[in-house]
>>> print(open('my_file-v1.csv').read())   # CSV, C-alpha atoms
chain,number,residue,atom,x,y,z
A,1,MET,CA,214.3,246.0,95.4
A,2,ALA,CA,218.0,246.6,96.3
A,3,SER,CA,220.6,245.4,93.8
A,4,ASP,CA,221.8,242.8,96.4
A,5,ASP,CA,218.3,241.3,96.3
A,6,LEU,CA,218.2,240.8,92.6
A,7,LYS,CA,218.9,237.2,91.7
A,8,PRO,CA,220.1,236.3,88.2
A,9,THR,CA,217.5,233.5,88.0
A,10,MET,CA,214.8,236.2,88.1
A,11,LEU,CA,215.9,237.4,84.6
A,12,GLY,CA,213.8,236.0,81.8
A,13,PHE,CA,214.6,235.6,78.1
A,14,ALA,CA,212.2,235.4,75.2
A,15,VAL,CA,212.4,234.7,71.5
A,16,TYR,CA,211.8,237.6,69.1
A,17,ARG,CA,211.5,237.9,65.3
A,18,ALA,CA,212.4,240.9,63.2
A,19,THR,CA,213.3,241.8,59.7
A,20,VAL,CA,216.5,243.9,59.8
A,21,GLU,CA,217.8,245.4,56.5
A,22,GLY,CA,216.2,242.6,54.5
A,23,GLN,CA,217.3,239.7,56.7
A,24,ASP,CA,214.8,237.8,58.9
A,25,LEU,CA,216.3,237.3,62.3
A,26,THR,CA,215.1,235.2,65.2
A,27,PHE,CA,216.7,235.7,68.5
A,28,TRP,CA,216.7,235.3,72.2
A,29,ALA,CA,216.8,238.5,74.2
A,30,THR,CA,215.4,239.9,77.5
A,31,ASP,CA,211.7,239.2,78.1
A,32,THR,CA,211.2,243.0,78.5
A,33,PRO,CA,210.2,244.2,75.0
A,34,THR,CA,211.0,247.8,75.7
A,35,ASP,CA,214.7,246.7,76.1
A,36,VAL,CA,214.7,245.2,72.6
A,37,ARG,CA,215.2,248.3,70.5
A,38,VAL,CA,214.7,246.8,67.0
A,39,GLU,CA,211.9,248.3,65.0
A,40,GLY,CA,209.2,245.7,64.3
A,41,ALA,CA,210.6,243.1,66.7
A,42,THR,CA,207.8,240.9,67.9
A,43,CYS,CA,207.9,238.4,70.8
A,44,ASP,CA,207.2,234.9,69.7
A,45,THR,CA,204.7,233.9,72.4
A,46,SER,CA,204.7,230.3,71.2
A,47,VAL,CA,208.1,229.9,72.9
A,48,PRO,CA,208.0,230.0,76.7
A,49,VAL,CA,210.1,232.6,78.5
A,50,GLU,CA,213.2,230.9,80.0
A,51,GLY,CA,215.7,231.8,82.6
A,52,LEU,CA,219.4,230.7,82.6
A,53,PRO,CA,221.3,228.7,85.2
A,54,GLU,CA,222.6,231.0,88.0
A,55,GLU,CA,226.2,229.8,87.3
A,56,THR,CA,226.0,231.6,83.9
A,57,PHE,CA,225.9,235.0,85.6
A,58,SER,CA,228.7,237.1,87.1
A,59,ASP,CA,228.9,238.9,90.4
A,60,ASP,CA,228.3,242.2,88.6
A,61,VAL,CA,224.5,242.8,89.0
A,62,PHE,CA,224.5,245.6,86.5
A,63,GLU,CA,226.2,243.5,83.8
A,64,ASN,CA,223.6,240.8,84.5
A,65,ILE,CA,220.8,243.2,84.1
A,66,ARG,CA,222.1,244.4,80.7
A,67,CYS,CA,222.3,240.7,79.6
A,68,GLY,CA,219.8,240.2,76.9
A,69,ASP,CA,219.1,243.9,76.0
A,70,VAL,CA,219.3,245.0,72.4
A,71,TYR,CA,220.4,248.6,72.1
A,72,ASP,CA,219.6,251.4,69.7
A,73,SER,CA,222.8,251.2,67.6
A,74,VAL,CA,222.1,247.7,66.5
A,75,PRO,CA,219.8,248.7,63.6
A,76,GLN,CA,222.1,251.5,62.7
A,77,LEU,CA,225.1,249.2,62.5
A,78,THR,CA,223.3,246.7,60.3
A,79,LYS,CA,222.2,249.6,58.0
A,80,ALA,CA,225.8,250.7,57.6
A,81,MET,CA,226.9,247.1,56.9
A,82,ALA,CA,224.1,246.8,54.2
A,83,GLU,CA,226.2,249.2,52.2
A,84,MET,CA,229.2,246.9,52.3
A,85,GLN,CA,230.1,243.8,50.3
A,86,LEU,CA,230.4,241.2,53.1
A,87,THR,CA,230.5,238.0,51.1
A,88,ASP,CA,233.5,235.9,52.3
A,89,LYS,CA,234.8,238.7,54.5
A,90,ARG,CA,236.1,237.8,58.0
A,91,VAL,CA,234.0,239.8,60.5
A,92,LEU,CA,234.5,240.0,64.3
A,93,GLU,CA,231.9,241.3,66.6
A,94,LEU,CA,233.3,242.5,69.9
A,95,GLY,CA,231.0,242.6,73.0
A,96,ALA,CA,228.4,240.9,70.8
A,97,GLY,CA,225.6,240.8,73.3
A,98,MET,CA,222.7,239.1,71.4
A,99,GLY,CA,224.9,239.1,68.3
A,100,LEU,CA,222.3,240.6,65.9
A,101,PRO,CA,224.8,242.6,63.7
A,102,GLY,CA,227.2,239.6,63.5
A,103,ILE,CA,224.4,237.2,62.7
A,104,TRP,CA,223.1,239.6,60.1
A,105,ALA,CA,226.6,239.7,58.6
A,106,ALA,CA,226.8,235.9,58.6
A,107,LEU,CA,223.4,235.7,56.8
A,108,SER,CA,224.8,238.2,54.3
A,109,GLY,CA,227.7,235.8,53.4
A,110,ALA,CA,230.4,236.9,55.9
A,111,ASN,CA,232.5,234.5,58.0
A,112,VAL,CA,231.7,235.7,61.5
A,113,VAL,CA,233.1,235.3,65.0
A,114,LEU,CA,230.8,236.6,67.8
A,115,SER,CA,232.7,237.4,71.0
A,116,ASP,CA,231.7,238.4,74.5
A,117,ARG,CA,233.0,237.7,78.0
A,118,HIS,CA,229.8,237.2,79.9
A,119,PRO,CA,228.8,233.4,80.2
A,120,ALA,CA,225.1,234.1,80.0
A,121,VAL,CA,225.6,236.2,76.9
A,122,LEU,CA,227.7,233.4,75.4
A,123,GLU,CA,224.8,230.9,76.0
A,124,LEU,CA,222.3,233.3,74.4
A,125,LEU,CA,224.7,233.9,71.4
A,126,ARG,CA,224.9,230.1,70.8
A,127,ARG,CA,221.2,229.9,70.9
A,128,ASN,CA,220.8,232.8,68.4
A,129,VAL,CA,223.4,231.2,66.0
A,130,ARG,CA,221.4,228.0,66.1
A,131,LEU,CA,218.0,229.8,65.6
A,132,ASN,CA,219.3,231.5,62.5
A,133,SER,CA,221.1,228.5,61.1
A,134,THR,CA,224.3,230.4,60.6
A,135,THR,CA,227.9,229.2,60.7
A,136,ALA,CA,228.9,232.1,62.9
A,137,GLU,CA,231.4,231.0,65.6
A,138,VAL,CA,230.9,232.0,69.3
A,139,ARG,CA,234.1,232.8,71.3
A,140,SER,CA,234.7,234.0,74.8
A,141,LEU,CA,236.9,237.1,74.8
A,142,SER,CA,237.9,239.7,77.3
A,143,TRP,CA,239.4,242.8,75.7
A,144,GLY,CA,243.1,243.1,76.2
A,145,GLU,CA,243.7,239.4,76.4
A,146,GLY,CA,245.4,237.9,73.4
A,147,ALA,CA,244.1,235.0,71.6
A,148,GLU,CA,245.7,233.1,68.7
A,149,TRP,CA,242.5,233.3,66.6
A,150,LEU,CA,242.3,237.1,67.0
A,151,VAL,CA,244.0,238.0,63.8
A,152,ASN,CA,243.3,238.8,60.1
A,153,PHE,CA,239.7,240.1,60.3
A,154,ASP,CA,238.5,242.3,57.5
A,155,LEU,CA,236.0,244.1,59.6
A,156,VAL,CA,235.6,244.5,63.4
A,157,ILE,CA,232.2,245.7,64.6
A,158,ALA,CA,230.6,246.5,67.9
A,159,ALA,CA,227.3,248.1,69.0
A,160,ASP,CA,226.8,249.9,72.4
A,161,VAL,CA,229.8,248.4,74.1
A,162,LEU,CA,231.6,251.4,75.7
A,163,TYR,CA,229.7,252.2,78.9
A,164,GLN,CA,232.4,251.9,81.5
A,165,GLU,CA,235.3,254.1,82.3
A,166,GLY,CA,238.7,252.8,81.4
A,167,ILE,CA,237.8,250.2,78.7
A,168,VAL,CA,238.2,252.3,75.6
A,169,GLY,CA,242.0,251.5,75.4
A,170,LEU,CA,241.3,247.8,75.9
A,171,PHE,CA,238.6,247.9,73.2
A,172,LEU,CA,240.7,249.8,70.7
A,173,GLY,CA,243.7,247.6,71.3
A,174,THR,CA,241.7,244.4,70.8
A,175,ALA,CA,240.1,245.8,67.6
A,176,ALA,CA,243.5,246.8,66.3
A,177,ALA,CA,245.1,243.4,67.1
A,178,ALA,CA,242.2,241.6,65.3
A,179,LEU,CA,242.3,243.6,62.0
A,180,ARG,CA,244.3,242.6,59.0
A,181,PRO,CA,246.4,245.3,57.4
A,182,GLY,CA,243.9,247.5,55.5
A,183,GLY,CA,240.9,246.1,57.5
A,184,MET,CA,238.1,248.3,58.9
>>> encode(input="my_file-v1.csv", output="structure tokens")
Amino acid sequence: MASDDLKPTMLGFAVYRATVEGQDLTFWATDTPTDVRVEGATCDTSVPVEGLPEETFSDDVFENIRCGDVYDSVPQLTKAMAEMQLTDKRVLELGAGMGLPGIWAALSGANVVLSDRHPAVLELLRRNVRLNSTTAEVRSLSWGEGAEWLVNFDLVIAADVLYQEGIVGLFLGTAAAALRPGGM
């Protein structure tokens, strides 16, 4: 099938369950289990696979295809955060995707903002926040664009977000702008 023939409405999303660094997470992700790289993640077959409205997808077919994937660094990032004291810390996840590290941080007591620019991802993030009953906030953010709320974070995290040429500077600039003095 040519990339021109791939319609976003053909993409399916399923609910998974996994225990990650001691936190039980429930989350929407791609309905292709091999693209959900979280050890022990199981698909909840009691919840039907769903698509998303076509208007939530962009014109970038490759960005649409990645929508819903959970990559290898997600468990590694949560493992690193498990060594930190996150209670009452302000945490920003850039390019959150399915938001698992940020949701994990929220369940661990952090005040979290999950950010992404892709409308379909933002919809799945909202669903994942609700599924996990967290107070994490979901915000639309394109790197390099200022936002009044993008200040004074104690920790900025991201997992598998640098996969296009020319975005490293935008990513680093956004992370730097978001951090409070002395933040990580």
>>> residues_around(input="my_file-v1.csv", residues="Pro101 in chain A", least_positions_apart="3", cutoff="8 Å", atoms="all atoms listed in the file", output="number ranges by chain")
A: 74-75, 77-78, 93, 104-105
>>> write_last_selection(input="my_file-v1.csv", atoms="C-alpha atoms", output="compact mmCIF listing (two decimals), in the frame of the given file")
# COMPACT_ATOMS: atom_id res chain seq x y z
CA VAL A 74 222.10 247.70 66.50
CA PRO A 75 219.80 248.70 63.60
CA LEU A 77 225.10 249.20 62.50
CA THR A 78 223.30 246.70 60.30
CA GLU A 93 231.90 241.30 66.60
CA TRP A 104 223.10 239.60 60.10
CA ALA A 105 226.60 239.70 58.60
>>> residues_around(input="my_file-v1.csv", residues="range 39-44 of chain A", least_positions_apart="3", cutoff="8 Å", atoms="all atoms listed in the file", output="ChimeraX atom specification")
/A:14-19,33,36,47
>>> write_last_selection(input="my_file-v1.csv", atoms="C-alpha atoms", output="PDB file, keeping the file's coordinate frame")
ATOM      1  CA  ALA A  14     212.200 235.400  75.200  1.00  0.00           C
ATOM      2  CA  VAL A  15     212.400 234.700  71.500  1.00  0.00           C
ATOM      3  CA  TYR A  16     211.800 237.600  69.100  1.00  0.00           C
ATOM      4  CA  ARG A  17     211.500 237.900  65.300  1.00  0.00           C
ATOM      5  CA  ALA A  18     212.400 240.900  63.200  1.00  0.00           C
ATOM      6  CA  THR A  19     213.300 241.800  59.700  1.00  0.00           C
ATOM      7  CA  PRO A  33     210.200 244.200  75.000  1.00  0.00           C
ATOM      8  CA  VAL A  36     214.700 245.200  72.600  1.00  0.00           C
ATOM      9  CA  VAL A  47     208.100 229.900  72.900  1.00  0.00           C
TER      10      VAL A  47
END
>>> closest_residue(input="my_file-v1.csv", among="A:Gly169, A:Leu124, A:Pro119, A:Ala106", to="Glu54 in chain A", atoms="all atoms listed in the file")
A:Pro119
>>> residues_around(input="my_file-v1.csv", residues="Asp116 in chain A", least_positions_apart="5", cutoff="6 Å", atoms="all atoms listed in the file", output="list in words")
Gly95, Ala96, Ser140 and Leu141 of chain A
>>> closest_residue(input="my_file-v1.csv", among="A:Asp72, A:Glu55, A:Glu148, A:Glu123", to="Val161 in chain A", atoms="only C-alpha atoms")
A:Asp72
>>> residues_near_point(input="my_file-v1.csv", point="(216.7, 247.7, 74.1)", cutoff="12 Å", atoms="only C-alpha atoms", output="list in words")
Ala29, Thr30, Asp31, Thr32, Pro33, Thr34, Asp35, Val36, Arg37, Val38, Glu39, Ala41, Ile65, Arg66, Cys67, Gly68, Asp69, Val70, Tyr71, Asp72, Ser73, Val74, Pro75, Gly97, Met98, Ala159 and Asp160 of chain A
>>> closest_residue(input="my_file-v1.csv", among="A:Ala147, A:Ala175, A:Leu131, A:Leu25", to="Val91 in chain A", atoms="all atoms listed in the file")
A:Ala175
>>> atom_distance(input="my_file-v1.csv", atom1="CA of Trp149 in chain A", atom2="CA of Arg126 in chain A")
18.4 Å
>>> closest_residue(input="my_file-v1.csv", among="A:Leu150, A:Gly144, A:Leu94, A:Asn128", to="Ile167 in chain A", atoms="only C-alpha atoms")
A:Gly144
>>> closest_residue(input="my_file-v1.csv", among="A:Thr174, A:Gln85, A:Gln23, A:Ser108", to="Val151 in chain A", atoms="only C-alpha atoms")
A:Thr174
>>> residues_around(input="my_file-v1.csv", residues="Asn132 in chain A", least_positions_apart="2", cutoff="8 Å", atoms="only C-alpha atoms", output="list in words")
Leu25, Thr26, Phe27, Ile103, Asn128, Val129, Arg130 and Thr134 of chain A
>>> atom_distance(input="my_file-v1.csv", atom1="CA of Leu11 in chain A", atom2="CA of Glu50 in chain A")
8.4 Å
>>> decode(input="my_file-v1.csv", residues="range 109-143 of chain A", atoms="N, CA, C and O atoms", output="PDB file, in the first residue's frame")
ATOM      1  N   GLY A 109       3.141  11.613  42.484  1.00  0.00           N
ATOM      2  CA  GLY A 109       2.999  12.828  43.276  1.00  0.00           C
ATOM      3  C   GLY A 109       3.430  14.117  42.611  1.00  0.00           C
ATOM      4  O   GLY A 109       3.356  15.192  43.222  1.00  0.00           O
ATOM      5  N   ALA A 110       3.885  14.069  41.363  1.00  0.00           N
ATOM      6  CA  ALA A 110       4.313  15.283  40.665  1.00  0.00           C
ATOM      7  C   ALA A 110       3.112  16.025  40.081  1.00  0.00           C
ATOM      8  O   ALA A 110       2.058  15.434  39.826  1.00  0.00           O
ATOM      9  N   ASN A 111       3.302  17.312  39.856  1.00  0.00           N
ATOM     10  CA  ASN A 111       2.339  18.143  39.131  1.00  0.00           C
ATOM     11  C   ASN A 111       2.819  18.169  37.689  1.00  0.00           C
ATOM     12  O   ASN A 111       3.872  18.743  37.401  1.00  0.00           O
ATOM     13  N   VAL A 112       2.062  17.560  36.792  1.00  0.00           N
ATOM     14  CA  VAL A 112       2.556  17.249  35.447  1.00  0.00           C
ATOM     15  C   VAL A 112       1.760  17.962  34.365  1.00  0.00           C
ATOM     16  O   VAL A 112       0.526  18.041  34.439  1.00  0.00           O
ATOM     17  N   VAL A 113       2.500  18.435  33.359  1.00  0.00           N
ATOM     18  CA  VAL A 113       1.900  18.905  32.111  1.00  0.00           C
ATOM     19  C   VAL A 113       2.430  18.001  31.008  1.00  0.00           C
ATOM     20  O   VAL A 113       3.641  17.841  30.840  1.00  0.00           O
ATOM     21  N   LEU A 114       1.521  17.376  30.269  1.00  0.00           N
ATOM     22  CA  LEU A 114       1.851  16.531  29.122  1.00  0.00           C
ATOM     23  C   LEU A 114       1.633  17.373  27.872  1.00  0.00           C
ATOM     24  O   LEU A 114       0.553  17.926  27.689  1.00  0.00           O
ATOM     25  N   SER A 115       2.656  17.471  27.028  1.00  0.00           N
ATOM     26  CA  SER A 115       2.507  18.321  25.845  1.00  0.00           C
ATOM     27  C   SER A 115       2.844  17.555  24.572  1.00  0.00           C
ATOM     28  O   SER A 115       3.695  16.670  24.559  1.00  0.00           O
ATOM     29  N   ASP A 116       2.165  17.910  23.514  1.00  0.00           N
ATOM     30  CA  ASP A 116       2.411  17.366  22.185  1.00  0.00           C
ATOM     31  C   ASP A 116       1.768  18.329  21.206  1.00  0.00           C
ATOM     32  O   ASP A 116       0.989  19.198  21.599  1.00  0.00           O
ATOM     33  N   ARG A 117       2.055  18.160  19.905  1.00  0.00           N
ATOM     34  CA  ARG A 117       1.466  19.054  18.909  1.00  0.00           C
ATOM     35  C   ARG A 117       0.460  18.351  18.015  1.00  0.00           C
ATOM     36  O   ARG A 117      -0.301  18.986  17.317  1.00  0.00           O
ATOM     37  N   HIS A 118       0.448  17.041  18.025  1.00  0.00           N
ATOM     38  CA  HIS A 118      -0.388  16.257  17.118  1.00  0.00           C
ATOM     39  C   HIS A 118      -1.791  16.110  17.727  1.00  0.00           C
ATOM     40  O   HIS A 118      -1.938  15.581  18.821  1.00  0.00           O
ATOM     41  N   PRO A 119      -2.839  16.577  17.031  1.00  0.00           N
ATOM     42  CA  PRO A 119      -4.193  16.528  17.593  1.00  0.00           C
ATOM     43  C   PRO A 119      -4.656  15.124  18.004  1.00  0.00           C
ATOM     44  O   PRO A 119      -5.326  14.973  19.031  1.00  0.00           O
ATOM     45  N   ALA A 120      -4.318  14.093  17.235  1.00  0.00           N
ATOM     46  CA  ALA A 120      -4.730  12.737  17.615  1.00  0.00           C
ATOM     47  C   ALA A 120      -4.025  12.302  18.892  1.00  0.00           C
ATOM     48  O   ALA A 120      -4.631  11.670  19.767  1.00  0.00           O
ATOM     49  N   VAL A 121      -2.757  12.662  19.024  1.00  0.00           N
ATOM     50  CA  VAL A 121      -2.016  12.337  20.243  1.00  0.00           C
ATOM     51  C   VAL A 121      -2.629  13.060  21.435  1.00  0.00           C
ATOM     52  O   VAL A 121      -2.797  12.471  22.512  1.00  0.00           O
ATOM     53  N   LEU A 122      -2.986  14.316  21.256  1.00  0.00           N
ATOM     54  CA  LEU A 122      -3.606  15.066  22.355  1.00  0.00           C
ATOM     55  C   LEU A 122      -4.898  14.402  22.817  1.00  0.00           C
ATOM     56  O   LEU A 122      -5.174  14.328  24.018  1.00  0.00           O
ATOM     57  N   GLU A 123      -5.686  13.898  21.871  1.00  0.00           N
ATOM     58  CA  GLU A 123      -6.920  13.180  22.239  1.00  0.00           C
ATOM     59  C   GLU A 123      -6.590  11.920  23.043  1.00  0.00           C
ATOM     60  O   GLU A 123      -7.216  11.644  24.072  1.00  0.00           O
ATOM     61  N   LEU A 124      -5.597  11.151  22.590  1.00  0.00           N
ATOM     62  CA  LEU A 124      -5.219   9.934  23.318  1.00  0.00           C
ATOM     63  C   LEU A 124      -4.620  10.272  24.679  1.00  0.00           C
ATOM     64  O   LEU A 124      -4.860   9.554  25.674  1.00  0.00           O
ATOM     65  N   LEU A 125      -3.873  11.361  24.780  1.00  0.00           N
ATOM     66  CA  LEU A 125      -3.338  11.802  26.077  1.00  0.00           C
ATOM     67  C   LEU A 125      -4.470  12.111  27.055  1.00  0.00           C
ATOM     68  O   LEU A 125      -4.424  11.706  28.223  1.00  0.00           O
ATOM     69  N   ARG A 126      -5.484  12.832  26.573  1.00  0.00           N
ATOM     70  CA  ARG A 126      -6.628  13.154  27.450  1.00  0.00           C
ATOM     71  C   ARG A 126      -7.299  11.873  27.948  1.00  0.00           C
ATOM     72  O   ARG A 126      -7.661  11.754  29.120  1.00  0.00           O
ATOM     73  N   ARG A 127      -7.460  10.927  27.052  1.00  0.00           N
ATOM     74  CA  ARG A 127      -8.053   9.644  27.447  1.00  0.00           C
ATOM     75  C   ARG A 127      -7.188   8.942  28.489  1.00  0.00           C
ATOM     76  O   ARG A 127      -7.696   8.371  29.462  1.00  0.00           O
ATOM     77  N   ASN A 128      -5.861   8.964  28.295  1.00  0.00           N
ATOM     78  CA  ASN A 128      -4.968   8.282  29.217  1.00  0.00           C
ATOM     79  C   ASN A 128      -4.940   8.946  30.583  1.00  0.00           C
ATOM     80  O   ASN A 128      -4.867   8.264  31.610  1.00  0.00           O
ATOM     81  N   VAL A 129      -5.038  10.269  30.622  1.00  0.00           N
ATOM     82  CA  VAL A 129      -5.121  10.973  31.902  1.00  0.00           C
ATOM     83  C   VAL A 129      -6.390  10.539  32.637  1.00  0.00           C
ATOM     84  O   VAL A 129      -6.356  10.227  33.831  1.00  0.00           O
ATOM     85  N   ARG A 130      -7.512  10.483  31.923  1.00  0.00           N
ATOM     86  CA  ARG A 130      -8.780  10.065  32.548  1.00  0.00           C
ATOM     87  C   ARG A 130      -8.708   8.606  33.035  1.00  0.00           C
ATOM     88  O   ARG A 130      -9.156   8.299  34.141  1.00  0.00           O
ATOM     89  N   LEU A 131      -8.152   7.727  32.203  1.00  0.00           N
ATOM     90  CA  LEU A 131      -8.064   6.303  32.588  1.00  0.00           C
ATOM     91  C   LEU A 131      -7.276   6.104  33.874  1.00  0.00           C
ATOM     92  O   LEU A 131      -7.540   5.174  34.634  1.00  0.00           O
ATOM     93  N   ASN A 132      -6.282   6.949  34.103  1.00  0.00           N
ATOM     94  CA  ASN A 132      -5.421   6.800  35.268  1.00  0.00           C
ATOM     95  C   ASN A 132      -5.800   7.727  36.416  1.00  0.00           C
ATOM     96  O   ASN A 132      -5.106   7.767  37.432  1.00  0.00           O
ATOM     97  N   SER A 133      -6.906   8.458  36.259  1.00  0.00           N
ATOM     98  CA  SER A 133      -7.419   9.359  37.293  1.00  0.00           C
ATOM     99  C   SER A 133      -6.332  10.273  37.844  1.00  0.00           C
ATOM    100  O   SER A 133      -6.220  10.444  39.060  1.00  0.00           O
ATOM    101  N   THR A 134      -5.527  10.844  36.956  1.00  0.00           N
ATOM    102  CA  THR A 134      -4.504  11.769  37.417  1.00  0.00           C
ATOM    103  C   THR A 134      -4.963  13.197  37.190  1.00  0.00           C
ATOM    104  O   THR A 134      -5.919  13.453  36.461  1.00  0.00           O
ATOM    105  N   THR A 135      -4.256  14.109  37.809  1.00  0.00           N
ATOM    106  CA  THR A 135      -4.541  15.524  37.617  1.00  0.00           C
ATOM    107  C   THR A 135      -3.604  16.121  36.581  1.00  0.00           C
ATOM    108  O   THR A 135      -3.521  17.349  36.460  1.00  0.00           O
ATOM    109  N   ALA A 136      -2.888  15.295  35.842  1.00  0.00           N
ATOM    110  CA  ALA A 136      -1.987  15.798  34.801  1.00  0.00           C
ATOM    111  C   ALA A 136      -2.787  16.645  33.822  1.00  0.00           C
ATOM    112  O   ALA A 136      -3.931  16.340  33.493  1.00  0.00           O
ATOM    113  N   GLU A 137      -2.152  17.685  33.361  1.00  0.00           N
ATOM    114  CA  GLU A 137      -2.767  18.610  32.415  1.00  0.00           C
ATOM    115  C   GLU A 137      -2.236  18.297  31.016  1.00  0.00           C
ATOM    116  O   GLU A 137      -1.060  17.979  30.858  1.00  0.00           O
ATOM    117  N   VAL A 138      -3.083  18.373  30.009  1.00  0.00           N
ATOM    118  CA  VAL A 138      -2.684  18.126  28.617  1.00  0.00           C
ATOM    119  C   VAL A 138      -2.701  19.461  27.882  1.00  0.00           C
ATOM    120  O   VAL A 138      -3.709  20.180  27.914  1.00  0.00           O
ATOM    121  N   ARG A 139      -1.568  19.786  27.231  1.00  0.00           N
ATOM    122  CA  ARG A 139      -1.441  21.051  26.508  1.00  0.00           C
ATOM    123  C   ARG A 139      -0.864  20.828  25.117  1.00  0.00           C
ATOM    124  O   ARG A 139       0.039  20.023  24.931  1.00  0.00           O
ATOM    125  N   SER A 140      -1.373  21.587  24.171  1.00  0.00           N
ATOM    126  CA  SER A 140      -0.805  21.594  22.825  1.00  0.00           C
ATOM    127  C   SER A 140       0.435  22.478  22.834  1.00  0.00           C
ATOM    128  O   SER A 140       0.403  23.591  23.373  1.00  0.00           O
ATOM    129  N   LEU A 141       1.526  21.964  22.259  1.00  0.00           N
ATOM    130  CA  LEU A 141       2.767  22.733  22.223  1.00  0.00           C
ATOM    131  C   LEU A 141       3.609  22.300  21.036  1.00  0.00           C
ATOM    132  O   LEU A 141       3.891  21.111  20.867  1.00  0.00           O
ATOM    133  N   SER A 142       3.995  23.262  20.227  1.00  0.00           N
ATOM    134  CA  SER A 142       4.987  23.043  19.180  1.00  0.00           C
ATOM    135  C   SER A 142       6.285  23.652  19.670  1.00  0.00           C
ATOM    136  O   SER A 142       6.309  24.811  20.105  1.00  0.00           O
ATOM    137  N   TRP A 143       7.361  22.897  19.599  1.00  0.00           N
ATOM    138  CA  TRP A 143       8.649  23.375  20.088  1.00  0.00           C
ATOM    139  C   TRP A 143       9.048  24.639  19.349  1.00  0.00           C
ATOM    140  O   TRP A 143       8.862  24.764  18.153  1.00  0.00           O
TER     141      TRP A 143
END
